[in-house]
Amino acid sequence: MLDLAKVNQQIGRMAVEQQLVSDDMLKRLDIALGQLALESGRLPAFMRKLQASKTSWLLAGVRESLEKTYPLPPRPLAITVVASDGSQIVPSHHEVIPAFLLNVSTIVLHYGTGERAELASTPTLFYRDEDLYMDYGGQRVQVAGDLLGMRRTLMEFQALLRQATGAQESGHRTCALSDGSLILWHLEGKPPDYQQSILERYVGCLEQARQQQMPVAGYISRPRSRDVLNTLRVGLCPDTVSNCDRCQYRDLPRLPCAEIEGLSDRRLFEHLLQPGERTAVFTSQSRILEHYGVHRIGFFYLHVGAEVVRIEVPQWVAVSPTLLDLVHAVAYDQAQKGMGYPVALAEAHQHAVVRGAERDLFYEMVTAVLLHRGVRAAISPKNLHKRRMTV
Amino acid sequence: MYDAEIGEVIGSSNTEFIAESALLHNPPPFGSFIQVKARETIYAVVCNAYTHSLEPSRLAIAYHRSEQELREEQPQIFELLKTKFEAVIIGYECDGAVRYHLPPQPPRLHSFVHTCQPLEVRRLTSHFWFLRFLMGVEKAPRDELIAAAIRTAYAVHPGDRSFLVKAGKELVKLIGDDYEMLSAILRRIQD
């Protein structure tokens, strides 16, 4: 039970503090925008400094002026947009069986042709020992948490590419939209064999798309990334070449580069972009991308009207004006159709989501079938207690 | 073409049933005669139809676009809409004859619904006993429903004035001294 009266006082205090933070942020934003104009004016020197600097934060690879914006290109009349999403019933040892279920949706929307939309979801039940446990860095571990999340991400991506390449092959000009980042940074620091097995399959999907020249894009709503902002922190650093390990300003009450701390790329570009416009393409320096080969991920920010979003694309999309324009136009158009968020991704979510009642029904079905076959099935006393409370 | 299924029963009782239309926005006409082939063929008259969102939590909104534009630019919505229709049961087939009373069992869920062929409508409406079932309907204005059913029946008795006279006499018996109701129905049949 949540004591709302007690929380209420804390919410009040939070609001007051938030107000102070937000006033401070406006000042920081001014500084950041000033720096952005300054560095754009001396781009070659800025790029050299970025190249030479060593920072503790992720820096965007800058190739064009930070201020450069691109207008909305026209969307081809006939275009097919494919999206996918997934959700899971996580394994629980309190339940009748330790199985888990992944539900992956695929959405195929043909525009301009009047063809029927394809909205589907496919559940897969994992129950065998080899499904529930895996070899992870020489140890046998249960597939749960991050590992389950990664398996789901992979299944979603494979389903997305299967549908999208299928559509492209059947003569539809197609664009694949993935929910969230294309950068599997979760894999950083994971055992090499595990990392490799996931990446092989993920990058394999991207390669399929590249061979068909069918653009794939990651759509990130409300992005919190700071790759571009961090380059401005390098700009603010008084040294000619920044090296955070040998920072000589640590004794100061505030680091020179901390003037714009706490902001995000999104806040920055909200002030530079008009609805429909995008920024230049930046490259991500995320370490996991060293394994992406020709599929290294670049990104740009796009004002879709309701918000500024981050769009990630593989390098071969970024360097092709045709493919890049297609992603730009489709991402914007999708957000318009979905009243702020891409309609294909919203439908993908709707079709993938497993609701609480459905989860309960799933376990009821499992119990019924197991009992019917004479297999002993019982949920844990703890779980039983949570379902039936008495007074 | 009459044999193609026009819907599937998704809710059923002894007196009425609900069916999902096979075609979006194309339920059978109000007041038309339909049948469900189950253990015995059950006959009914369409008394209501509507189209709505598949999911209760998702409301339909206005897009201010023509249907053609919507099909080209918002194709997903047509996969998320369903047309349903409701019908009041007027009888069933037993030993080769039409019985104008309620069937012993309601139509089975997921049975297919078909349109009644003109010959079947002729057979069904050779008596006016079906009108009594329409009197009890609350889902639609009764005068509208009865008039629509009689118009449908008259279409398979073309030019047969005596059919209309018999229908009128039957209505007088059913409605009694509710002159308002009677004249409302007669006006609607004449149109």
# chains A, B, ... in the order shown; residues from 1 in each chain; ligands from 1
call {"tool": "residues_around", "arguments": {"residues": "Asp227 in chain A", "least_positions_apart": "2", "cutoff": "6 Å", "atoms": "only C-alpha atoms", "output": "list in words"}}
result
Leu58, Leu59, Ala60, Ser225, Leu229 and Asn230 of chain A
call {"tool": "write_last_selection", "arguments": {"atoms": "C-alpha atoms", "output": "mmCIF file, in the first residue's frame"}}
result
data_model
loop_
_atom_site.group_PDB
_atom_site.id
_atom_site.type_symbol
_atom_site.label_atom_id
_atom_site.label_comp_id
_atom_site.auth_asym_id
_atom_site.auth_seq_id
_atom_site.Cartn_x
_atom_site.Cartn_y
_atom_site.Cartn_z
ATOM 1 C CA LEU A 58 31.387 9.575 -25.253
ATOM 2 C CA LEU A 59 32.046 12.114 -28.032
ATOM 3 C CA ALA A 60 30.065 12.383 -31.235
ATOM 4 C CA SER A 225 22.187 11.024 -25.121
ATOM 5 C CA LEU A 229 26.913 18.151 -26.046
ATOM 6 C CA ASN A 230 30.065 16.400 -24.864
#
call {"tool": "residues_around", "arguments": {"residues": "range 34-39 of chain A", "least_positions_apart": "4", "cutoff": "10 Å", "atoms": "only C-alpha atoms", "output": "list in words"}}
result
Arg28, Leu29, Asp30, Leu43, Pro44, Ala45, Phe46, Met47, Ser65, Leu66, Glu67, Val228, Leu229, Thr231, Leu232, Arg233, Gly235, Leu236, Ile260 and Leu268 of chain A
call {"tool": "write_last_selection", "arguments": {"atoms": "C-alpha atoms", "output": "PDB file, in the first residue's frame"}}
result
ATOM      1  CA  ARG A  28      23.533  26.436 -19.130  1.00  0.00           C
ATOM      2  CA  LEU A  29      21.628  26.107 -22.371  1.00  0.00           C
ATOM      3  CA  ASP A  30      22.597  29.674 -23.310  1.00  0.00           C
ATOM      4  CA  LEU A  43      35.032  23.818 -37.535  1.00  0.00           C
ATOM      5  CA  PRO A  44      38.383  22.483 -38.825  1.00  0.00           C
ATOM      6  CA  ALA A  45      40.197  23.488 -35.615  1.00  0.00           C
ATOM      7  CA  PHE A  46      37.348  22.063 -33.504  1.00  0.00           C
ATOM      8  CA  MET A  47      37.469  18.756 -35.388  1.00  0.00           C
ATOM      9  CA  SER A  65      28.894  22.062 -38.828  1.00  0.00           C
ATOM     10  CA  LEU A  66      26.923  21.456 -35.654  1.00  0.00           C
ATOM     11  CA  GLU A  67      24.589  24.227 -36.753  1.00  0.00           C
ATOM     12  CA  VAL A 228      27.118  16.196 -29.279  1.00  0.00           C
ATOM     13  CA  LEU A 229      26.913  18.151 -26.046  1.00  0.00           C
ATOM     14  CA  THR A 231      31.957  17.726 -27.878  1.00  0.00           C
ATOM     15  CA  LEU A 232      31.038  21.224 -26.677  1.00  0.00           C
ATOM     16  CA  ARG A 233      32.523  20.378 -23.301  1.00  0.00           C
ATOM     17  CA  GLY A 235      35.308  23.066 -26.790  1.00  0.00           C
ATOM     18  CA  LEU A 236      34.901  24.707 -23.370  1.00  0.00           C
ATOM     19  CA  ILE A 260      26.957  22.880 -19.550  1.00  0.00           C
ATOM     20  CA  LEU A 268      20.273  21.726 -27.493  1.00  0.00           C
TER      21      LEU A 268
END
call {"tool": "residues_around", "arguments": {"residues": "Leu164 in chain B", "least_positions_apart": "2", "cutoff": "10 Å", "atoms": "only C-alpha atoms", "output": "ChimeraX atom specification"}}
result
/B:150-151,153-154,157,159-162,166-170,186,189-190
call {"tool": "closest_atom_pairs", "arguments": {"of": "chain A", "to": "chain B", "cutoff": "9 Å", "atoms": "only C-alpha atoms", "output": "JSON lines"}}
result
{"residue": "A:Ala78", "atom": "CA", "partner": "B:Glu72", "partner_atom": "CA", "distance": 8.9}
{"residue": "A:Ile107", "atom": "CA", "partner": "B:Gln76", "partner_atom": "CA", "distance": 8.9}
{"residue": "A:Val108", "atom": "CA", "partner": "B:Gln76", "partner_atom": "CA", "distance": 8.8}
{"residue": "A:Leu109", "atom": "CA", "partner": "B:Pro75", "partner_atom": "CA", "distance": 6.5}
{"residue": "A:His110", "atom": "CA", "partner": "B:Pro75", "partner_atom": "CA", "distance": 7.1}
{"residue": "A:Tyr111", "atom": "CA", "partner": "B:Glu72", "partner_atom": "CA", "distance": 5.2}
{"residue": "A:Gly112", "atom": "CA", "partner": "B:Glu72", "partner_atom": "CA", "distance": 4.5}
{"residue": "A:Thr113", "atom": "CA", "partner": "B:Glu72", "partner_atom": "CA", "distance": 5.8}
{"residue": "A:Gly114", "atom": "CA", "partner": "B:Glu72", "partner_atom": "CA", "distance": 4.6}
{"residue": "A:Glu115", "atom": "CA", "partner": "B:Pro75", "partner_atom": "CA", "distance": 7.5}
{"residue": "A:Arg116", "atom": "CA", "partner": "B:Pro75", "partner_atom": "CA", "distance": 6.3}
{"residue": "A:Ala117", "atom": "CA", "partner": "B:Gln76", "partner_atom": "CA", "distance": 5.2}
{"residue": "A:Glu118", "atom": "CA", "partner": "B:Gln76", "partner_atom": "CA", "distance": 7.7}
{"residue": "A:Leu119", "atom": "CA", "partner": "B:Glu79", "partner_atom": "CA", "distance": 7.6}
{"residue": "A:Lys337", "atom": "CA", "partner": "B:Gln74", "partner_atom": "CA", "distance": 7.3}
{"residue": "A:Val343", "atom": "CA", "partner": "B:Gln76", "partner_atom": "CA", "distance": 8.7}
{"residue": "A:Ala344", "atom": "CA", "partner": "B:Gln76", "partner_atom": "CA", "distance": 8.5}
{"residue": "A:Glu347", "atom": "CA", "partner": "B:Gln76", "partner_atom": "CA", "distance": 8.2}
call {"tool": "write_last_selection", "arguments": {"atoms": "C-alpha atoms", "output": "PDB file, in the first residue's frame"}}
result
ATOM      1  CA  ALA A  78       4.433   4.538 -52.396  1.00  0.00           C
ATOM      2  CA  ILE A 107       3.804  -4.468 -38.516  1.00  0.00           C
ATOM      3  CA  VAL A 108       3.872  -3.930 -42.265  1.00  0.00           C
ATOM      4  CA  LEU A 109       2.184  -0.761 -43.504  1.00  0.00           C
ATOM      5  CA  HIS A 110       1.977  -0.145 -47.238  1.00  0.00           C
ATOM      6  CA  TYR A 111       1.441   3.515 -48.053  1.00  0.00           C
ATOM      7  CA  GLY A 112       0.115   4.994 -51.247  1.00  0.00           C
ATOM      8  CA  THR A 113      -1.063   1.704 -52.715  1.00  0.00           C
ATOM      9  CA  GLY A 114      -4.211   0.908 -50.740  1.00  0.00           C
ATOM     10  CA  GLU A 115      -2.844  -2.533 -49.861  1.00  0.00           C
ATOM     11  CA  ARG A 116      -3.941  -4.037 -46.568  1.00  0.00           C
ATOM     12  CA  ALA A 117      -1.848  -3.519 -43.469  1.00  0.00           C
ATOM     13  CA  GLU A 118      -0.309  -6.599 -41.875  1.00  0.00           C
ATOM     14  CA  LEU A 119      -0.466  -6.530 -38.081  1.00  0.00           C
ATOM     15  CA  LYS A 337       0.500   9.909 -38.677  1.00  0.00           C
ATOM     16  CA  VAL A 343       2.319   4.838 -36.031  1.00  0.00           C
ATOM     17  CA  ALA A 344       4.179   1.662 -37.072  1.00  0.00           C
ATOM     18  CA  GLU A 347       1.091  -0.502 -33.459  1.00  0.00           C
TER      19      GLU A 347
END
call {"tool": "residues_around", "arguments": {"residues": "Pro28 in chain B", "least_positions_apart": "2", "cutoff": "12 Å", "atoms": "only C-alpha atoms", "output": "PyMOL selection string"}}
result
chain B and resi 2+5-7+19-26+30-35+44-50+83-87+113-116+152
call {"tool": "closest_residue", "arguments": {"among": "A:Tyr136, A:Lys49, A:Lys6, A:Ser56", "to": "Arg246 in chain A", "atoms": "only C-alpha atoms"}}
result
A:Ser56
call {"tool": "atom_distance", "arguments": {"atom1": "CA of Thr174 in chain A", "atom2": "CA of Leu206 in chain A"}}
result
14.1 Å
call {"tool": "closest_residue", "arguments": {"among": "A:Leu263, A:Met214, A:Leu102, A:Leu273", "to": "Leu323 in chain A", "atoms": "only C-alpha atoms"}}
result
A:Met214
call {"tool": "residues_around", "arguments": {"residues": "Glu93 in chain B", "least_positions_apart": "6", "cutoff": "12 Å", "atoms": "only C-alpha atoms", "output": "PyMOL selection string"}}
result
chain B and resi 35-44+99-104+120+123-124
call {"tool": "write_last_selection", "arguments": {"atoms": "C-alpha atoms", "output": "compact mmCIF listing (two decimals), in the first residue's frame"}}
result
# COMPACT_ATOMS: atom_id res chain seq x y z
CA GLN B 35 -30.01 -17.72 -41.31
CA VAL B 36 -27.55 -19.64 -39.18
CA LYS B 37 -26.84 -23.19 -40.20
CA ALA B 38 -26.44 -25.06 -36.92
CA ARG B 39 -28.06 -28.30 -35.70
CA GLU B 40 -31.16 -26.90 -37.30
CA THR B 41 -31.30 -23.82 -39.51
CA ILE B 42 -32.25 -20.82 -37.43
CA TYR B 43 -33.90 -17.80 -39.06
CA ALA B 44 -33.56 -14.23 -37.88
CA ARG B 99 -41.43 -23.33 -36.99
CA TYR B 100 -42.28 -19.82 -35.88
CA HIS B 101 -41.14 -20.30 -32.35
CA LEU B 102 -37.81 -20.05 -30.56
CA PRO B 103 -35.29 -22.80 -31.25
CA PRO B 104 -34.61 -25.31 -28.46
CA GLU B 120 -36.46 -18.79 -48.57
CA ARG B 123 -41.30 -19.25 -47.64
CA LEU B 124 -40.56 -17.55 -44.32
call {"tool": "atom_distance", "arguments": {"atom1": "CA of Arg226 in chain A", "atom2": "CA of Leu20 in chain A"}}
result
21.8 Å
call {"tool": "atom_distance", "arguments": {"atom1": "CA of Pro74 in chain A", "atom2": "CA of Ala335 in chain A"}}
result
14.6 Å
